[in-house]
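K.L.:
Just one file: run.tsv, with TSV, C-alpha atoms and all ligand atoms.
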```tsv
chain	number	residue	atom	x	y	z
B	163	MET	CA	113.01	50.17	100.90
B	164	ASP	CA	116.80	50.20	101.03
B	165	THR	CA	117.39	53.06	103.44
B	166	GLU	CA	121.19	52.73	103.33
B	167	GLN	CA	121.13	53.21	99.60
B	168	LEU	CA	118.84	56.19	100.10
B	169	LYS	CA	121.20	57.74	102.68
B	170	LYS	CA	124.14	57.45	100.28
B	171	GLN	CA	122.16	59.25	97.57
B	172	MET	CA	121.03	61.92	99.96
B	173	LYS	CA	124.64	62.81	100.81
B	174	LYS	CA	125.10	63.73	97.18
B	175	ILE	CA	122.24	66.26	97.09
B	176	LYS	CA	122.51	69.76	98.55
B	177	VAL	CA	119.40	71.96	98.78
B	178	LYS	CA	119.59	75.58	99.86
B	179	ASN	CA	116.69	77.88	100.75
B	180	VAL	CA	116.52	81.18	98.87
B	181	LEU	CA	114.50	84.15	100.08
B	182	ASN	CA	111.28	84.52	98.05
B	183	ALA	CA	112.39	81.99	95.45
B	184	ASP	CA	112.54	78.25	94.88
B	185	VAL	CA	115.39	76.34	96.51
B	186	GLU	CA	118.80	76.07	94.88
B	187	VAL	CA	119.82	72.49	94.16
B	188	GLU	CA	123.18	70.84	93.74
B	189	ASN	CA	122.50	67.29	92.61
B	190	ASN	CA	125.44	64.87	92.34
B	191	SER	CA	123.27	61.78	92.88
B	192	SER	CA	121.87	59.49	90.22
B	193	LEU	CA	118.30	60.55	91.12
B	194	GLN	CA	116.32	62.68	88.77
B	195	MET	CA	114.64	65.82	90.06
B	196	ILE	CA	110.92	65.94	89.29
B	197	GLY	CA	110.03	69.24	90.83
B	198	LYS	CA	110.93	71.89	93.39
B	199	GLY	CA	109.48	74.71	95.43
B	200	ARG	CA	110.39	77.12	98.21
B	201	GLN	CA	110.91	74.42	100.79
B	202	GLY	CA	112.53	71.58	98.92
B	203	ALA	CA	113.31	69.62	95.78
B	204	VAL	CA	111.69	66.29	94.91
B	205	PHE	CA	113.53	63.36	93.25
B	206	GLN	CA	112.28	60.19	91.67
B	207	TYR	CA	113.67	57.33	93.76
B	208	SER	CA	111.82	54.38	92.23
B	209	ASP	CA	108.66	53.87	90.21
B	210	ASP	CA	106.49	54.34	93.28
B	211	ILE	CA	108.67	56.35	95.61
B	212	CYS	CA	110.00	59.87	95.47
B	213	VAL	CA	112.14	61.73	97.99
B	214	LYS	CA	111.74	65.33	99.03
B	215	VAL	CA	114.97	66.99	100.12
B	216	PHE	CA	114.51	70.11	102.27
B	217	GLY	CA	116.60	73.25	102.68
B	218	ASN	CA	116.14	73.21	106.46
B	219	GLN	CA	115.24	70.75	109.17
B	220	GLU	CA	112.23	72.61	110.52
B	221	ASP	CA	110.37	72.39	107.21
B	222	CYS	CA	111.28	68.71	106.98
B	223	ASP	CA	110.01	67.94	110.51
B	224	ARG	CA	106.90	69.97	109.90
B	225	GLU	CA	105.98	68.14	106.71
B	226	TYR	CA	106.74	64.81	108.32
B	227	TYR	CA	104.49	65.67	111.27
B	228	ALA	CA	101.65	66.75	108.96
B	229	LEU	CA	101.96	63.57	106.89
B	230	SER	CA	101.97	61.46	110.03
B	231	LEU	CA	98.71	63.11	111.18
B	232	GLY	CA	97.12	61.85	107.97
B	233	LYS	CA	98.76	58.43	107.84
B	234	ASN	CA	95.50	56.56	108.51
B	235	THR	CA	93.67	58.24	105.67
B	236	ASP	CA	93.99	57.77	101.89
B	237	LEU	CA	94.49	61.42	101.25
B	238	PHE	CA	98.29	61.70	101.54
B	239	PRO	CA	101.35	59.89	100.21
B	240	LYS	CA	102.67	57.26	102.64
B	241	VAL	CA	106.05	57.93	104.24
B	242	HIS	CA	108.78	55.30	103.69
B	243	ALA	CA	111.77	56.91	105.35
B	244	LYS	CA	112.76	60.10	107.10
B	245	GLY	CA	116.17	61.72	107.46
B	246	LYS	CA	117.27	65.02	108.98
B	247	LEU	CA	116.61	66.80	105.70
B	248	TYR	CA	114.55	64.40	103.61
B	249	ILE	CA	111.34	62.38	103.46
B	250	ALA	CA	110.85	59.42	101.15
B	251	MET	CA	107.16	59.04	100.26
B	252	ASP	CA	104.73	57.58	97.74
B	253	PHE	CA	105.07	58.99	94.30
B	254	VAL	CA	101.68	60.58	93.62
B	255	ARG	CA	100.31	59.90	90.16
B	256	GLY	CA	97.38	61.52	88.45
B	257	VAL	CA	96.91	65.14	87.49
B	258	ASP	CA	96.91	68.16	89.75
B	259	LEU	CA	93.75	70.29	89.80
B	260	ARG	CA	95.43	73.31	88.27
B	261	GLU	CA	96.13	71.32	85.17
B	262	TYR	CA	92.91	69.34	85.28
B	263	LEU	CA	90.62	72.40	85.54
B	264	GLN	CA	92.28	74.01	82.55
B	265	SER	CA	90.39	71.63	80.31
B	266	GLN	CA	87.76	70.07	82.53
B	267	PRO	CA	84.71	71.50	84.32
B	268	LEU	CA	84.45	71.64	88.09
B	269	THR	CA	81.64	69.18	88.65
B	270	GLU	CA	79.51	68.89	91.75
B	271	GLU	CA	81.14	65.50	92.29
B	272	LEU	CA	84.61	67.02	92.38
B	273	SER	CA	83.39	69.81	94.66
B	274	ASN	CA	82.00	67.12	96.93
B	275	LYS	CA	85.44	65.49	97.07
B	276	LEU	CA	87.04	68.81	97.92
B	277	ILE	CA	84.62	69.35	100.81
B	278	GLN	CA	85.38	65.78	102.00
B	279	MET	CA	89.09	66.63	101.82
B	280	LEU	CA	88.57	69.68	104.05
B	281	ILE	CA	86.61	67.56	106.52
B	282	VAL	CA	89.54	65.11	106.72
B	283	PHE	CA	91.93	68.04	107.26
B	284	LYS	CA	89.82	69.12	110.20
B	285	GLU	CA	89.44	65.60	111.59
B	286	ILE	CA	93.16	64.83	111.60
B	287	GLY	CA	93.99	68.08	113.35
B	288	TYR	CA	95.34	70.34	110.63
B	289	GLU	CA	95.33	73.96	111.69
B	290	ARG	CA	94.97	75.33	108.18
B	291	ILE	CA	91.88	73.79	106.59
B	292	ASP	CA	92.84	74.95	103.16
B	293	HIS	CA	95.12	74.05	100.23
B	294	HIS	CA	96.17	75.34	96.85
B	295	LYS	CA	94.63	73.49	93.88
B	296	ARG	CA	98.08	72.66	92.41
B	297	GLN	CA	98.87	70.56	95.51
B	298	ILE	CA	95.72	68.45	95.08
B	299	TYR	CA	95.94	65.52	92.66
B	300	LEU	CA	93.07	63.72	91.00
B	301	GLN	CA	93.92	60.03	90.66
B	302	GLU	CA	92.91	57.65	87.94
B	303	ASP	CA	90.38	56.01	90.27
B	304	GLY	CA	88.78	59.40	90.91
B	305	SER	CA	90.16	59.86	94.44
B	306	LEU	CA	92.16	62.88	95.61
B	307	LYS	CA	95.73	62.96	96.96
B	308	VAL	CA	97.33	65.93	98.62
B	309	ILE	CA	101.04	66.84	98.69
B	310	ASP	CA	103.14	69.59	100.26
B	311	VAL	CA	101.36	69.67	103.61
B	312	ALA	CA	104.00	71.33	105.83
B	313	ARG	CA	102.08	74.59	105.96
B	314	THR	CA	98.94	72.98	107.40
B	315	VAL	CA	100.48	72.70	110.87
B	316	TRP	CA	102.42	74.77	113.41
B	317	ARG	CA	100.83	77.95	112.27
B	318	ASP	CA	100.37	81.27	114.07
B	319	ARG	CA	97.64	82.52	111.81
B	320	VAL	CA	94.90	80.54	110.09
B	321	TYR	CA	91.83	81.59	108.15
B	322	PRO	CA	88.29	80.62	109.08
B	323	TYR	CA	87.42	79.48	105.56
B	324	PRO	CA	89.43	77.88	102.70
B	325	ARG	CA	90.56	81.11	101.21
B	326	LYS	CA	93.54	79.75	99.35
B	327	LEU	CA	91.57	76.95	97.75
B	328	LEU	CA	88.74	79.26	96.66
B	329	ASN	CA	91.04	81.93	95.27
B	330	SER	CA	93.30	79.42	93.57
B	331	LEU	CA	90.26	78.13	91.64
B	332	GLY	CA	89.95	81.46	89.84
B	333	ALA	CA	86.88	83.72	89.74
B	334	GLU	CA	84.74	81.49	87.57
B	335	ASN	CA	85.41	78.17	89.30
B	336	LYS	CA	85.20	79.88	92.67
B	337	GLU	CA	81.60	80.80	91.88
B	338	VAL	CA	80.90	77.27	90.62
B	339	PHE	CA	82.43	75.72	93.72
B	340	LEU	CA	80.49	78.06	96.03
B	341	SER	CA	77.24	77.21	94.25
B	342	HIS	CA	78.02	73.53	94.82
B	343	VAL	CA	78.76	74.17	98.50
B	344	GLN	CA	75.48	76.06	98.76
B	345	ALA	CA	73.64	73.04	97.38
B	346	LEU	CA	75.61	70.36	99.25
B	347	ALA	CA	76.26	72.06	102.61
B	348	PRO	CA	74.06	75.16	103.02
B	349	GLU	CA	75.18	76.01	106.56
B	350	LEU	CA	78.82	75.81	105.58
B	351	TYR	CA	78.08	77.98	102.56
B	352	LYS	CA	76.44	80.64	104.79
B	353	GLU	CA	79.48	80.73	107.04
B	354	TRP	CA	81.94	81.00	104.18
B	355	LEU	CA	79.82	83.71	102.60
B	356	HIS	CA	79.87	85.60	105.88
B	357	TYR	CA	83.66	85.49	105.98
B	358	ILE	CA	83.94	86.42	102.33
B	359	GLN	CA	81.73	89.44	102.99
B	360	MET	CA	83.75	90.38	106.06
B	361	GLU	CA	86.88	90.13	103.97
B	362	GLU	CA	85.36	92.41	101.35
B	363	LEU	CA	84.37	94.86	104.06
B	364	SER	CA	87.91	94.84	105.46
B	365	ARG	CA	89.19	95.63	102.00
B	366	GLU	CA	86.76	98.56	101.68
B	367	ILE	CA	87.66	99.87	105.15
B	368	TYR	CA	91.32	99.68	104.21
B	369	GLN	CA	90.65	101.77	101.12
B	370	VAL	CA	88.72	104.35	103.15
B	371	VAL	CA	91.51	104.55	105.72
B	372	LEU	CA	94.12	104.76	102.99
B	373	ASN	CA	92.30	107.54	101.15
B	374	GLU	CA	91.51	109.37	104.34
B	375	ALA	CA	95.09	109.61	105.43
B	376	PRO	CA	96.22	112.31	102.98
B	377	ASP	CA	92.93	114.20	103.52
B	378	LYS	CA	93.55	114.30	107.22
B	379	GLU	CA	96.96	115.78	106.55
B	380	LYS	CA	95.40	118.36	104.25
B	381	GLN	CA	92.78	119.22	106.86
B	382	LYS	CA	95.52	119.66	109.46
B	383	GLU	CA	97.43	121.99	107.15
B	384	ALA	CA	94.28	123.98	106.39
B	385	LEU	CA	93.50	124.35	110.08
B	386	LYS	CA	97.04	125.53	110.72
B	387	MET	CA	96.56	128.27	108.13
B	388	GLU	CA	93.03	129.14	109.23
B	389	SER	CA	93.97	129.29	112.90
B	390	ASN	CA	96.36	132.14	112.07
B	391	LYS	CA	93.21	134.26	111.97
B	392	LEU	CA	92.98	133.82	115.72
B	393	LEU	CA	96.48	135.21	116.32
B	394	THR	CA	96.47	138.68	117.86
B	395	ARG	CA	100.01	139.92	118.31
B	396	ASP	CA	100.80	141.17	114.83
B	397	ASP	CA	98.66	144.28	115.22
B	398	GLU	CA	100.54	146.15	117.93
B	399	LYS	CA	97.74	148.58	118.82
B	400	ASN	CA	95.16	145.82	119.08
B	401	TYR	CA	97.60	143.76	121.11
B	402	VAL	CA	97.86	146.56	123.69
B	403	VAL	CA	94.08	146.81	123.86
B	404	LEU	CA	93.64	143.08	124.33
B	405	LEU	CA	96.37	142.85	126.90
B	406	GLU	CA	94.85	145.72	128.81
B	407	GLY	CA	91.46	143.99	128.78
B	408	LEU	CA	93.01	140.82	130.07
B	409	MET	CA	94.82	142.63	132.83
B	410	HIS	CA	91.61	144.42	133.84
B	411	LYS	CA	89.91	141.08	134.10
B	412	VAL	CA	92.63	139.54	136.27
B	413	PHE	CA	92.98	142.65	138.37
B	414	LYS	CA	89.24	142.75	138.98
B	415	GLU	CA	89.06	139.10	139.94
B	416	GLU	CA	91.91	139.49	142.38
B	417	TRP	CA	90.49	142.71	143.79
B	418	ILE	CA	87.14	141.05	144.44
B	419	LYS	CA	88.91	138.16	146.18
B	420	THR	CA	90.82	140.56	148.38
B	421	MET	CA	87.73	142.58	149.26
B	422	LEU	CA	85.73	139.44	149.99
B	423	ALA	CA	88.53	138.21	152.23
B	424	ARG	CA	88.16	141.47	154.11
B	425	GLY	CA	84.46	140.74	154.62
B	426	GLU	CA	83.06	143.33	152.17
B	427	ASP	CA	79.69	142.89	150.45
B	428	PRO	CA	80.50	141.36	146.98
B	429	TYR	CA	77.82	143.30	145.09
B	430	LYS	CA	78.93	146.55	146.57
B	431	VAL	CA	82.54	145.71	145.81
B	432	MET	CA	81.76	144.93	142.18
B	433	GLU	CA	79.76	148.09	141.82
B	434	GLU	CA	82.66	150.12	143.20
B	435	ILE	CA	85.13	148.43	140.90
B	436	ASP	CA	83.01	149.06	137.83
B	437	LYS	CA	82.46	152.65	138.78
B	438	TYR	CA	86.21	152.99	139.18
B	439	TRP	CA	86.96	151.53	135.76
B	440	VAL	CA	84.37	153.61	134.01
B	441	GLU	CA	85.80	156.73	135.58
B	442	ARG	CA	89.35	155.71	134.72
B	443	GLU	CA	88.46	155.06	131.13
B	444	LEU	CA	86.43	158.17	130.63
B	445	GLU	CA	89.32	160.03	132.16
B	446	SER	CA	91.69	158.48	129.68
B	447	ILE	CA	89.68	159.93	126.82
B	448	GLY	CA	89.17	163.26	128.57
B	449	MET	CA	85.53	162.71	129.62
B	450	LYS	CA	85.83	162.41	133.36
B	451	GLU	CA	82.78	164.69	133.89
B	452	ALA	CA	80.58	162.62	131.54
B	453	THR	CA	79.18	160.43	134.29
B	454	SER	CA	77.98	163.38	136.32
B	455	ILE	CA	76.86	165.85	133.65
B	456	PRO	CA	73.53	165.55	131.85
B	457	ILE	CA	73.67	163.87	128.48
B	458	LYS	CA	73.96	166.26	125.59
B	459	ILE	CA	72.67	164.88	122.35
B	460	GLN	CA	74.87	166.41	119.73
B	461	LYS	CA	73.79	164.24	116.85
B	462	GLU	CA	70.93	161.83	116.22
B	463	LYS	CA	73.11	158.71	116.11
B	464	LYS	CA	72.99	156.36	119.12
B	465	HIS	CA	74.91	153.22	120.00
B	466	ARG	CA	72.85	151.13	122.34
B	467	PHE	CA	74.48	148.29	124.17
B	468	VAL	CA	73.48	145.71	126.71
B	469	GLY	CA	76.26	143.55	128.04
B	470	PHE	CA	78.70	142.65	130.72
B	471	PRO	CA	81.20	144.89	132.46
B	472	GLU	CA	84.03	144.12	130.06
B	473	SER	CA	82.19	145.58	127.10
B	474	ALA	CA	81.15	148.65	129.05
B	475	SER	CA	84.43	149.28	130.79
B	476	ARG	CA	86.32	149.08	127.55
B	477	PHE	CA	84.27	151.88	126.10
B	478	GLY	CA	87.34	154.04	125.73
B	479	THR	CA	89.53	151.38	124.25
B	480	ARG	CA	86.85	150.44	121.76
B	481	ILE	CA	87.43	153.78	120.15
B	482	ALA	CA	91.17	153.36	120.13
B	483	LYS	CA	90.87	149.95	118.49
B	484	LYS	CA	89.48	151.25	115.21
B	485	THR	CA	88.37	148.25	113.23
B	486	LYS	CA	88.27	148.81	109.48
B	487	TYR	CA	84.50	149.43	109.74
B	488	GLU	CA	84.96	151.96	112.50
B	489	LYS	CA	87.74	153.67	110.59
B	490	LYS	CA	85.50	153.92	107.56
B	491	ALA	CA	82.53	155.13	109.58
B	492	LYS	CA	84.71	157.61	111.38
B	493	SER	CA	86.30	159.01	108.27
B	494	GLN	CA	82.86	159.38	106.75
B	495	SER	CA	81.36	161.23	109.71
B	496	LYS	CA	84.56	162.98	110.90
B	497	ILE	CA	83.56	162.47	114.52
B	498	LYS	CA	86.19	162.98	117.20
B	499	ASP	CA	86.61	160.80	120.30
B	500	LYS	CA	85.70	163.67	122.56
B	501	ASP	CA	82.27	163.84	120.92
B	502	PHE	CA	81.29	160.61	122.65
B	503	LYS	CA	79.24	160.69	125.78
B	504	LYS	CA	77.67	157.80	127.57
B	505	GLU	CA	75.19	156.96	130.24
B	506	ILE	CA	75.57	153.59	131.86
B	507	LYS	CA	73.31	151.85	134.30
B	508	VAL	CA	74.35	148.74	136.21
B	509	LYS	CA	71.72	146.14	137.03
B	510	TYR	CA	72.11	142.76	138.69
B	511	ASN	CA	70.59	139.59	137.40
B	512	LYS	CA	68.89	138.25	140.52
B	513	GLU	CA	69.32	134.58	139.59
B	514	SER	CA	72.90	134.52	138.33
B	515	GLY	CA	74.15	137.44	140.37
B	516	ARG	CA	75.93	138.77	137.26
B	517	LYS	CA	75.99	142.45	136.45
B	518	ILE	CA	74.25	143.64	133.32
B	519	TYR	CA	75.19	146.99	131.94
B	520	THR	CA	72.65	148.90	129.96
B	521	GLY	CA	73.20	152.24	128.51
B	522	ILE	CA	73.31	154.58	125.61
B	523	ILE	CA	76.46	155.92	124.05
B	524	LYS	CA	75.60	159.21	122.44
B	525	ARG	CA	77.50	161.54	120.24
B	601	LIG	N1	104.72	62.85	96.52
B	601	LIG	C1	104.89	63.40	95.33
B	601	LIG	N2	104.59	62.72	94.22
B	601	LIG	C2	104.78	63.28	93.01
B	601	LIG	N3	105.26	64.49	92.83
B	601	LIG	C3	105.59	65.22	93.89
B	601	LIG	C4	105.41	64.73	95.19
B	601	LIG	N4	105.80	65.65	96.05
B	601	LIG	C5	106.18	66.70	95.33
B	601	LIG	N5	106.07	66.46	94.01
B	601	LIG	C6	106.43	67.36	92.91
B	601	LIG	O1	107.45	68.24	93.34
B	601	LIG	C7	106.99	69.58	93.28
B	601	LIG	C8	107.55	70.33	94.46
B	601	LIG	O2	107.09	69.74	95.65
B	601	LIG	P1	106.45	70.58	96.81
B	601	LIG	O3	105.32	71.36	96.29
B	601	LIG	O4	106.15	69.62	97.92
B	601	LIG	O5	107.68	71.52	97.17
B	601	LIG	P2	107.71	72.76	98.17
B	601	LIG	O6	109.06	73.32	98.13
B	601	LIG	O7	107.20	72.33	99.49
B	601	LIG	O8	106.69	73.73	97.46
B	601	LIG	P3	106.17	75.09	98.07
B	601	LIG	O9	107.11	76.15	97.64
B	601	LIG	O10	104.81	75.24	97.43
B	601	LIG	O11	106.11	74.88	99.54
B	601	LIG	C9	105.49	69.49	93.25
B	601	LIG	O12	104.92	70.55	92.58
B	601	LIG	C10	105.26	68.22	92.50
B	601	LIG	O13	105.35	68.43	91.10
B	602	MG	MG	105.75	73.26	100.65
```
Would you give me this structure, written as structure tokens?

P.N.:
Amino acid sequence: MDTEQLKKQMKKIKVKNVLNADVEVENNSSLQMIGKGRQGAVFQYSDDICVKVFGNQEDCDREYYALSLGKNTDLFPKVHAKGKLYIAMDFVRGVDLREYLQSQPLTEELSNKLIQMLIVFKEIGYERIDHHKRQIYLQEDGSLKVIDVARTVWRDRVYPYPRKLLNSLGAENKEVFLSHVQALAPELYKEWLHYIQMEELSREIYQVVLNEAPDKEKQKEALKMESNKLLTRDDEKNYVVLLEGLMHKVFKEEWIKTMLARGEDPYKVMEEIDKYWVERELESIGMKEATSIPIKIQKEKKHRFVGFPESASRFGTRIAKKTKYEKKAKSQSKIKDKDFKKEIKVKYNKESGRKIYTGIIKR
């Protein structure tokens, strides 16, 4: 091959890469362009040789490296010359599989050849054991030739099965090919099937995640609204009651700590505290004497309660709180706060040491 002649021609061709499109070509040579893609444009150089001119050096080096890996096989065009931005190689005759399969069936024999092709890919060290059907040519003698191999090497990500080849065959031929693989190489078929199923699963998971996302947002919004029910500060009266309860609790805890630090008996201390609160609260509703005077049953109705100090000591505030049920009940019976009397007994749970209040509130 006259490489000087080739060089001269190459100076007259400019190829520029375009994002997401085939290259742009400025051809002032006498060579005729026979095809182009994203990486380069291909020109007929002689009857048996064509030259691929690249838009950038990396793609050119990559394709050259991939072709050199396969130079001892019959699967790829032979390289005749290499420049910074071009590769002169065998002109591949025959028909590519995209065209061929439009009118011809995918026979088991052809499937066999495709599996052999993948084996060669693996043997020569290609990282991507895969290829699109339009880059695979069926020759007159029945053998296969593969072009456009730059993307088989120097890859970050590869797939564990020939995804591109299978998908490029189309749904029907994909099934035919897989049935041939199942018959010719059952273990390989099982593995591919596994990956195909995993791929399907990934797709389903993606859909679930995608559909879940807006729901999650909705749930968050709903919770935001619902949690407003837990807010307490809008109702000023109730707020005072709750705050008072909280302060009682803190005050009691601190008081116990102080008394314990002074070496007092904790049970006795707690009893004293509770007695104090009950008296304070009864006092606040004008019933200071209630703890000492005998219980006077004015009406039949009784409110029995068993609970912890908080519920007992807030006896007075419970009345002030007036839930809508209490308001209703109260308006129905026209009972006044001073009508309430209560008798409270404090017991201690021997195991937990907690106080249990039992008693009857009578009115
Ligand atoms: N060795 C060859 N023999 C015959 N025709 C060829 C040869 N190499 C490439 N061609 C033709 O040139 C076209 C473009 O070549 P090629 O696919 O290698 O370009 P590319 O830019 O690398 O493509 P892609 O965008 O797929 O990477 C091919 O589709 C084919 O028609
Ligand atoms: Mg390419």

K.L.:
Go through B:Arg424, B:Arg313, B:Lys380, B:Lys233 and flag the residue nearest ligand MG 602 (chain B), using all atoms listed in the file for the distances.

P.N.:
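For ligand MG 602 (chain B), the nearest of the candidates is B:Arg313.
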
K.L.:
Using all atoms listed in the file, find the one residue out of B:Glu443, B:Asp223, B:Asp236, B:Asp396 that sits nearest to ligand MG 602 (chain B).

P.N.:
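Smallest distance to ligand MG 602 (chain B) is found for B:Asp223.
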
K.L.:
How many Å separate CA of Gln266 in chain B from CA of Thr314 in chain B?

P.N.:
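These atoms are spaced 27.4 Å apart.
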
K.L.:
Report, as lines of an AutoDock Vina configuration file, the centre and edge lengths in Å (one decimal) of the axis-aligned box enclosing every listed atom of ligand LIG 601 (chain B), padded by 3 Å on each side.

P.N.:
```
center_x = 106.8
center_y = 69.4
center_z = 95.3
size_x = 10.5
size_y = 19.4
size_z = 14.4
```

K.L.:
Would you mind telling me which residue in B:Ile286, B:Ala345, B:Leu300, B:Val185 lies nearest to ligand LIG 601 (chain B) when using all atoms listed in the file?

P.N.:
B:Val185

K.L.:
Measuring atom to atom with only C-alpha atoms, identify which of B:Arg442, B:His410, B:His356, B:Lys214 is nearest to Ile196 in chain B.

P.N.:
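Going through B:Arg442, B:His410, B:His356, B:Lys214 one by one, the smallest distance to Ile196 in chain B is for B:Lys214.
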
K.L.:
Let me make sure I understand: among B:Asp292, B:Asp310, B:Tyr262, B:Gln194, which one has the smallest atom-to-atom distance to ligand MG 602 (chain B) if we use all atoms listed in the file?

P.N.:
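Nearest candidate to ligand MG 602 (chain B) out of B:Asp292, B:Asp310, B:Tyr262, B:Gln194: B:Asp310.
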
K.L.:
Find the distance between CA of Lys244 in chain B and CA of Gln167 in chain B and write it in Å to one decimal.

P.N.:
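About the pair CA of Lys244 in chain B and CA of Gln167 in chain B: they are 13.2 Å apart.
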
K.L.:
When the cut-off is 8 Å and you count all atoms listed in the file, which residues lie near ligand MG 602 (chain B), shown as JSON, numbers by chain?

P.N.:
{"B": [199, 200, 201, 202, 225, 310, 311, 312, 313]}
